[in-house]
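Peer 1: If you scroll down you'll find the structure; I have some questions about it.
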Amino acid sequence: MKEVVLAKYGEMALKGLNKRTFEDMLTKNIKRRIKPLGSFICTTAQSTMYITPNDENADLSDVVDRVGKIFGIATLCRACVCEKDFGDIAEKSVEYLADTLNNARTFKVNAKRADKTFPMKSPEICMELGGILLEKFPHLTVDVKNPQVTVTVEIRDTNAYVHGENLKGAGGLPVGSSGKAMLLLSGGIDSPVAGWMMAKRGVHIEAIHYVSPPYTSDRAQLKVEQLCDKLTDYCGGIAFHCVPFTEIQEAIKDNCPEEFFTIIMRRLMMEIAQRIAAKDNCLALITGESVGQVASQTMAAIACTDAVCRIPVFRPLVGMDKTEIIEIARKIDTFETSTLPYEDCCTVFTPRHPKVRPQLSDVEKAQNSFDFEPLIQKAVKNTEMKTFNFN
Amino acid sequence: MPVYLDNAATTRPCAQAVAAAVDAMTVNFGNPSSLHRAGLDAQLIVDKSRKIIADSLGAAPDNIIFTSGATESNNLALRGASAAYGRKRRKIIISAVEHASVEETVAALEKNCFEIMRISPRSDGRIYSEDFLGSCDENTCLVSMMLVNNETGYILPVKETFTAVKRRFPEIVTHCDCVQGYMKLPVRANSLGADLISLSGHKIHGVKGAGALYIKKGIRVLPVVTGGKQEKGIRSGTESVPMIAAFGAAAEALTDDIGQRFERANELKKYLLGKLSDIENVAVNSPEDCSPYIINISAAGKRSEIMLHFLESKEIYVSSGSACSKGAQSGVLEQFGIRGKRADSALRISITAETTETELDLFASALREGLEKIRG
């Protein structure tokens, strides 16, 4: 029996003339992702991606696992390929779904007749197949409202497909279809989630991280690299920029009033990030800020940080509670890594009483007391880049 | 040169494994938990091995916990999972042909008010997944089944059984002791349907002292050894970096040509069986479709131990029962329907892909000689 994976588009299906661009992007992402699992043919038709294994014995559960994490797909399922002939459909349904139906009590049949030349209409298919299944599996009863198993028959252009449950895909748009942005990745819980959310909207992510040895350790950097590695499951390849930040932090400590340490540090981080973003054609910055979470994330503080930004800053978590963020972090498996206990650059020289409602003029005055420009240029120049790819 | 045909007991460490272990003892000897660079370097070695082993199973590095060996892995799996899931559900189901590290562990749990079901092979010497499924109920917390039997090489229907069990009782935790199957047959965590998988380093040309337990994401295993919270708190105690490095290096060296080596082992097995069929009074105990790496035979009427020592005098090393039971009969052969004198004279020949035809020739002629010379 031939089995395929059907991956159905999410909102991409609604796109007009440029749908093709999105499709190509999605095909490329899927192909790259399942390449290590063997040889597959990917074809698209009627807003569905058909992933057909060249090897009959290929393990499709790994394919479903991987494709389920690719943005742009709303639902996916493993399906059995049938001839466009009701006899064959009935025979294969009984065989293919035997295990599932044996362990269920209620079911219904759902038919989708995309090919209108098929002689039976959808309700007829449902009735006939339902009858046959009831005969073969006498313990079942039909429940059209809340069935344990929905048997779906899809009559498409080339073949018919039978499958049990649909699995939920990752949704969103194919990564890369919305351009590139630079994610400020600290190693905390929020920033990987912010990156994931923007990738869901089709944004190709690059990451930037600031290290301040000896105040921060190699392990802290390693942890961020692990996070990058985990994000590749969803975001595809990630270019990771590591900025040496010690001198700047020491200069802030030596020259600025303590209450403005964090805010000035963030302004300088943004400055460096947008310079590197410009070099790499990133159109925006992404941060994991959420209003009011900490002193540097109050609206007044965000306004002061934003004042240095010349490109848009996306803050997808801006209106989320910590618990909601943690829920996503657990789902995308970054939570455990994020909570490893290493000092990161944001916690170095934290002021005892940070200014909660800083005035831009005060911050600018405090920052202008020292010329950071040479240090910024040096940091940008000495930034190291590493690439992470999924495997 | 001695002829070593006891590779199911242990294997010769490969050059890569030895080099990795030496490096971790001489250069990168730090404690992975230390915060300084020396500690980090040691941790990176452990992480590298973890990644190699995870990749080989199609799993994520987070899923791998290092232990001192497969016995500990089996203990951790059974004790840890039964502690996490067995508060109300007190039934554990295993096959009746498990290794002592599973059998004795569940025997200990039995004394602790767990109900243990042991599924025996049917009269044809095979274990059926229906028998496992038939014993499962809502009171069952754990099902454990080895992939390849260590005495006969019989391949158990793990995938069928676990899939069937999971489909009917998704809350039951499944454990597979893959020691004799890992790097010999294709072992993928996902397709095997196992929540827990035990592995050993020294059976795949690593060094004794390192094993691993694969724990599927979302499955809880409570620690058996507590302390400094190494290995995510599931197995405290400073990691044995040299042994783990060797384990990873050995796995890396083998992982790409499992298929080729399987073919080679099959050739060797066929060759040996051909040789043995010429010798009178030798019966093959392993089923035909068993792992090609293990061949269990009986040399009629000659007690295993005597034959073993006779072969030893010719520098040929095989095993009577499993090495762990120091030659004592484990009862596993009896489960497979091999009883009495045939069981008393059982010998286990276990090969690697590096075994040569010449070595098998030497064994066959020594066996023939032994059959003639040994009285009684």
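Starting from 1 in every chain, residues are counted up; chains themselves are A, B, ... following the order of the structure tokens, and ligands are numbered from 1 as listed.
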Contacts of segment 182-184 of chain A at 7 Å or less, counting only C-alpha atoms, minus same-chain residues fewer than 6 places along, as a list of chain:residue names?
Peer 2: A:Ser191, A:Gly195, A:Ile205, A:Glu206, A:Ala207, A:Ile208, A:His209, A:Ala277, A:Cys282, A:Ala284, A:Leu285, A:Ile286, A:Thr287
Peer 1: Can you list, as a list of chain:residue names, every protein, DNA or RNA residue that comes within 9 Å of segment 132-138 of chain A when you count only C-alpha atoms, leaving out same-chain residues fewer than 6 positions away?
Peer 2: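 Everything that qualifies: A:Ala90, A:Ser93, A:Val94, A:Ala98, A:Leu101, A:Asn102.
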Peer 1: Those same residues, written as a PDB file, in the first residue's frame with C-alpha atoms?
Peer 2:
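Output file part-v9.pdb follows:
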```
ATOM      1  CA  ALA A  90     -13.332   1.046   0.001  1.00  0.00           C
ATOM      2  CA  SER A  93      -9.841   2.203   3.602  1.00  0.00           C
ATOM      3  CA  VAL A  94     -10.678  -1.041   5.369  1.00  0.00           C
ATOM      4  CA  ALA A  98      -8.116  -1.210  10.408  1.00  0.00           C
ATOM      5  CA  LEU A 101     -11.012   1.783  13.633  1.00  0.00           C
ATOM      6  CA  ASN A 102     -10.508  -1.327  15.761  1.00  0.00           C
TER       7      ASN A 102
END
```
Peer 1: From a DSSP pass on the backbone, collect the residues of segment 33-164 of chain B flagged as helix (DSSP H, G or I) and hand them back as a VMD selection string.
Peer 2: chain B and resid 37 to 57 61 to 63 70 to 85 100 to 111 129 to 135 158 to 164
Peer 1: Identify, on the basis of only C-alpha atoms, every residue whose closest approach to Leu185 of chain A does not exceed 12 Å; exclude the query and any residue fewer than 4 positions from it along the same chain; express the result as number ranges by chain.
Peer 2: A: 189-196, 205-211, 220-221, 223-228, 231, 238-243, 269-270, 273, 285-289, 338, 344-346
Peer 1: Take the residues that were just selected and, keeping N, CA and C atoms, output them as a compact mmCIF listing (two decimals), in the first residue's frame.
Peer 2:
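What follows is the written file again27.txt:
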```txt
# COMPACT_ATOMS: atom_id res chain seq x y z
N ILE A 189 14.23 33.57 28.33
CA ILE A 189 13.09 32.80 27.86
C ILE A 189 12.42 33.51 26.68
N ASP A 190 12.40 34.85 26.73
CA ASP A 190 11.58 35.60 25.79
C ASP A 190 12.12 35.67 24.36
N SER A 191 13.42 35.97 24.23
CA SER A 191 13.90 36.27 22.88
C SER A 191 13.75 35.10 21.89
N PRO A 192 14.02 33.83 22.29
CA PRO A 192 13.79 32.77 21.29
C PRO A 192 12.32 32.69 20.88
N VAL A 193 11.42 32.95 21.81
CA VAL A 193 10.00 32.90 21.49
C VAL A 193 9.66 34.02 20.50
N ALA A 194 10.24 35.21 20.72
CA ALA A 194 10.01 36.33 19.80
C ALA A 194 10.48 35.96 18.40
N GLY A 195 11.66 35.32 18.33
CA GLY A 195 12.19 34.91 17.03
C GLY A 195 11.26 33.92 16.35
N TRP A 196 10.79 32.97 17.15
CA TRP A 196 9.90 31.94 16.61
C TRP A 196 8.62 32.58 16.04
N ILE A 205 15.25 34.67 10.05
CA ILE A 205 15.86 35.24 11.25
C ILE A 205 17.39 35.20 11.20
N GLU A 206 18.01 36.32 11.59
CA GLU A 206 19.43 36.26 11.97
C GLU A 206 19.47 36.63 13.45
N ALA A 207 20.48 36.17 14.16
CA ALA A 207 20.51 36.43 15.60
C ALA A 207 21.76 37.21 15.98
N ILE A 208 21.60 38.07 16.98
CA ILE A 208 22.78 38.80 17.47
C ILE A 208 22.82 38.63 18.98
N HIS A 209 24.02 38.40 19.48
CA HIS A 209 24.18 38.16 20.92
C HIS A 209 25.41 38.93 21.41
N TYR A 210 25.33 39.45 22.63
CA TYR A 210 26.42 40.26 23.17
C TYR A 210 27.11 39.49 24.29
N VAL A 211 28.45 39.40 24.21
CA VAL A 211 29.17 38.70 25.27
C VAL A 211 30.11 39.67 25.98
N ALA A 220 27.60 30.65 28.83
CA ALA A 220 26.44 31.48 28.52
C ALA A 220 26.30 31.60 27.01
N GLN A 221 27.46 31.79 26.33
CA GLN A 221 27.41 31.89 24.88
C GLN A 221 26.97 30.57 24.26
N LYS A 223 25.10 28.38 25.54
CA LYS A 223 23.67 28.22 25.76
C LYS A 223 22.87 28.94 24.67
N VAL A 224 23.32 30.15 24.31
CA VAL A 224 22.63 30.90 23.26
C VAL A 224 22.79 30.18 21.92
N GLU A 225 23.97 29.61 21.70
CA GLU A 225 24.17 28.87 20.46
C GLU A 225 23.24 27.66 20.41
N GLN A 226 23.05 27.02 21.57
CA GLN A 226 22.10 25.89 21.63
C GLN A 226 20.69 26.35 21.29
N LEU A 227 20.34 27.54 21.79
CA LEU A 227 19.01 28.07 21.49
C LEU A 227 18.84 28.29 19.99
N CYS A 228 19.90 28.85 19.38
CA CYS A 228 19.90 29.07 17.93
C CYS A 228 19.66 27.74 17.22
N LEU A 231 16.17 26.69 17.45
CA LEU A 231 15.27 27.49 16.61
C LEU A 231 15.34 27.06 15.14
N ILE A 238 20.24 29.82 10.55
CA ILE A 238 20.33 31.09 11.26
C ILE A 238 21.79 31.54 11.28
N ALA A 239 22.02 32.79 10.83
CA ALA A 239 23.36 33.37 10.98
C ALA A 239 23.41 34.00 12.37
N PHE A 240 24.43 33.63 13.14
CA PHE A 240 24.52 34.05 14.53
C PHE A 240 25.71 35.00 14.70
N HIS A 241 25.43 36.24 15.14
CA HIS A 241 26.48 37.24 15.30
C HIS A 241 26.77 37.40 16.78
N CYS A 242 28.06 37.31 17.12
CA CYS A 242 28.43 37.43 18.53
C CYS A 242 29.28 38.68 18.72
N VAL A 243 28.76 39.64 19.48
CA VAL A 243 29.40 40.95 19.61
C VAL A 243 30.18 41.03 20.93
N MET A 269 23.11 48.56 22.36
CA MET A 269 22.88 47.25 21.72
C MET A 269 22.09 47.43 20.43
N MET A 270 21.05 48.28 20.50
CA MET A 270 20.22 48.53 19.32
C MET A 270 21.06 49.15 18.21
N ALA A 273 23.19 46.52 16.73
CA ALA A 273 22.36 45.57 15.98
C ALA A 273 21.94 46.13 14.64
N LEU A 285 14.56 44.95 13.36
CA LEU A 285 15.10 44.27 14.54
C LEU A 285 13.94 43.56 15.24
N ILE A 286 14.26 42.49 15.97
CA ILE A 286 13.23 41.79 16.74
C ILE A 286 13.73 41.66 18.18
N THR A 287 12.90 42.03 19.14
CA THR A 287 13.29 41.82 20.54
C THR A 287 12.17 41.08 21.27
N GLY A 288 12.52 40.57 22.43
CA GLY A 288 11.53 39.81 23.21
C GLY A 288 10.90 40.64 24.31
N GLU A 289 10.85 41.98 24.12
CA GLU A 289 10.31 42.83 25.18
C GLU A 289 8.80 42.69 25.33
N SER A 338 16.83 27.82 28.05
CA SER A 338 16.78 29.23 28.45
C SER A 338 16.96 29.39 29.95
N ASP A 344 24.14 36.43 31.98
CA ASP A 344 24.26 36.94 30.61
C ASP A 344 24.50 38.46 30.64
N CYS A 345 24.72 39.03 29.45
CA CYS A 345 25.15 40.41 29.37
C CYS A 345 24.13 41.38 29.97
N CYS A 346 22.85 40.99 29.98
CA CYS A 346 21.84 41.91 30.50
C CYS A 346 21.88 42.01 32.02
```
Peer 1: Find the residues around Pro354 of chain A up to 10 Å (only C-alpha atoms counted), leave out those fewer than 6 positions away in its own chain, and share them as number ranges by chain.
Peer 2: A: 258-263, 294-296
Peer 1: Could you list, as number ranges by chain, the residues of chain A having an atom within 12 Å of chain B when counting only C-alpha atoms?
Peer 2: A: 36-37, 57-66, 98-104, 214, 216-223, 226, 229-230, 233, 330-331, 333-334, 336-337, 340-343, 390-391
Peer 1: Go through B:Ala54, B:Ile215, B:Val148, B:Val165 one by one, measure the shortest atom-to-atom distance of each to Ser286 of chain B using only C-alpha atoms, and give the residue with the smallest value.
Peer 2: B:Val148
Peer 1: Using only C-alpha atoms, can you tell me which of B:Ser144, B:Gln230, B:Ser240, B:Asn63 comes closest to Ala189 of chain B?
Peer 2: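 That would be B:Asn63, the residue with the smallest distance to Ala189 of chain B.
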Peer 1: Write out as a PDB file with C-alpha atoms, in the first residue's frame the residues lying within 9 Å of Leu222 of chain B, counting only C-alpha atoms and excluding same-chain residues fewer than 4 positions away.
Peer 2:
```pdb
ATOM      1  CA  LEU B  76      17.096   3.536  35.829  1.00  0.00           C
ATOM      2  CA  ALA B  77      14.456   2.890  33.173  1.00  0.00           C
ATOM      3  CA  ARG B  79      12.891   1.741  38.649  1.00  0.00           C
ATOM      4  CA  GLY B  80      12.662   5.370  37.516  1.00  0.00           C
ATOM      5  CA  ALA B  81       9.617   4.955  35.294  1.00  0.00           C
ATOM      6  CA  SER B  82       7.794   2.660  37.715  1.00  0.00           C
ATOM      7  CA  ALA B  83       8.398   5.229  40.466  1.00  0.00           C
ATOM      8  CA  ALA B  84       6.975   7.975  38.253  1.00  0.00           C
ATOM      9  CA  GLY B 233      19.241  15.490  37.716  1.00  0.00           C
ATOM     10  CA  ILE B 234      18.241  12.077  36.419  1.00  0.00           C
TER      11      ILE B 234
END
```
Peer 1: What is the atom CA of Ile376 of chain A-atom CA of Ile252 of chain A distance in Å, reported with one decimal?
Peer 2: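 Atom CA of Ile376 of chain A sits 12.2 Å away from atom CA of Ile252 of chain A.
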Peer 1: What are the closest atom pairs, with distances in Å to one decimal, for each residue of segment 213-276 of chain B lying within 8 Å of segment 354-361 of chain B, using only C-alpha atoms, rows by chain and rising residue number, as a Markdown table?
Peer 2:
```
| residue | atom | partner | partner_atom | distance |
| --- | --- | --- | --- | --- |
| B:Leu268 | CA | B:Glu357 | CA | 6.8 |
| B:Tyr271 | CA | B:Glu357 | CA | 7.4 |
| B:Leu272 | CA | B:Leu360 | CA | 6.2 |
| B:Lys275 | CA | B:Asp361 | CA | 7.6 |
```
Peer 1: Find the residues around Arg32 of chain A up to 12 Å (only C-alpha atoms counted), leave out those fewer than 5 positions away in its own chain, and share them as a list in words.
Peer 2: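 Close residues of Arg32 of chain A: Met25, Leu26, Thr27, Leu37, Gly38, Ser39, Phe40, Ile41, Cys42, Val63, Arg66, Val67, Ile70, Thr232, Asp233, Gly236, Gly237, Asn389, Phe390 and Asn391 of chain A.
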Peer 1: Okay, now the selection with C-alpha atoms, as a JSON list (two decimals), in the first residue's frame?
Peer 2:
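For reference, result_13.json as written:
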```
[["chain", "number", "residue", "atom", "x", "y", "z"],
["A", 25, "MET", "CA", 9.66, 28.97, -0.79],
["A", 26, "LEU", "CA", 7.67, 26.32, 1.06],
["A", 27, "THR", "CA", 8.77, 23.53, -1.27],
["A", 37, "LEU", "CA", 15.36, 11.19, 5.96],
["A", 38, "GLY", "CA", 15.70, 9.75, 2.47],
["A", 39, "SER", "CA", 14.54, 10.45, -1.02],
["A", 40, "PHE", "CA", 11.14, 12.05, -1.51],
["A", 41, "ILE", "CA", 9.24, 13.70, -4.32],
["A", 42, "CYS", "CA", 7.41, 16.91, -3.42],
["A", 63, "VAL", "CA", 8.60, 13.15, 8.05],
["A", 66, "ARG", "CA", 9.65, 17.50, 10.78],
["A", 67, "VAL", "CA", 7.11, 18.88, 8.35],
["A", 70, "ILE", "CA", 7.58, 24.05, 9.01],
["A", 232, "THR", "CA", 16.59, 26.10, 13.31],
["A", 233, "ASP", "CA", 13.96, 23.35, 13.60],
["A", 236, "GLY", "CA", 15.71, 27.17, 9.06],
["A", 237, "GLY", "CA", 19.34, 28.29, 8.88],
["A", 389, "ASN", "CA", 21.64, 24.84, 10.01],
["A", 390, "PHE", "CA", 19.09, 22.21, 10.82],
["A", 391, "ASN", "CA", 20.23, 18.66, 10.56]]
```
Peer 1: Residues of segment 135-321 of chain A classed as strand (DSSP E) by DSSP on the backbone are to be reported as a PyMOL selection string.
Peer 2: chain A and resi 141-142+149-155+160-163+167-171+180-184+204-211+238-244+284-286+313-314
Peer 1: Store the residues picked out above in a file with C-alpha atoms, as a compact mmCIF listing (two decimals), in the first residue's frame.
Peer 2:
```txt
# COMPACT_ATOMS: atom_id res chain seq x y z
CA THR A 141 -21.36 3.41 15.53
CA VAL A 142 -21.69 6.56 13.44
CA VAL A 149 -12.23 8.98 14.17
CA THR A 150 -13.01 10.95 11.03
CA VAL A 151 -12.27 8.97 7.91
CA THR A 152 -11.55 11.45 5.14
CA VAL A 153 -11.71 10.56 1.47
CA GLU A 154 -10.28 13.11 -0.92
CA ILE A 155 -10.88 12.72 -4.61
CA ALA A 160 -7.88 9.50 -4.35
CA TYR A 161 -6.56 9.63 -0.80
CA VAL A 162 -7.85 8.11 2.40
CA HIS A 163 -6.71 9.18 5.84
CA LEU A 167 -2.59 16.85 12.54
CA LYS A 168 -2.19 20.52 13.21
CA GLY A 169 0.71 22.11 11.33
CA ALA A 170 2.80 25.07 12.46
CA GLY A 171 0.65 27.59 10.56
CA LYS A 180 15.07 39.05 6.84
CA ALA A 181 15.27 40.55 10.34
CA MET A 182 17.81 40.61 13.16
CA LEU A 183 16.78 39.00 16.46
CA LEU A 184 18.40 40.25 19.67
CA HIS A 204 14.04 34.78 7.96
CA ILE A 205 15.86 35.24 11.25
CA GLU A 206 19.43 36.26 11.97
CA ALA A 207 20.51 36.43 15.60
CA ILE A 208 22.78 38.80 17.47
CA HIS A 209 24.18 38.16 20.92
CA TYR A 210 26.42 40.26 23.17
CA VAL A 211 29.17 38.70 25.27
CA ILE A 238 20.33 31.09 11.26
CA ALA A 239 23.36 33.37 10.98
CA PHE A 240 24.52 34.05 14.53
CA HIS A 241 26.48 37.24 15.30
CA CYS A 242 28.43 37.43 18.53
CA VAL A 243 29.40 40.95 19.61
CA PRO A 244 32.23 41.57 22.12
CA ALA A 284 14.05 45.17 11.02
CA LEU A 285 15.10 44.27 14.54
CA ILE A 286 13.23 41.79 16.74
CA VAL A 313 11.69 47.14 15.84
CA PHE A 314 9.28 44.21 16.12
```
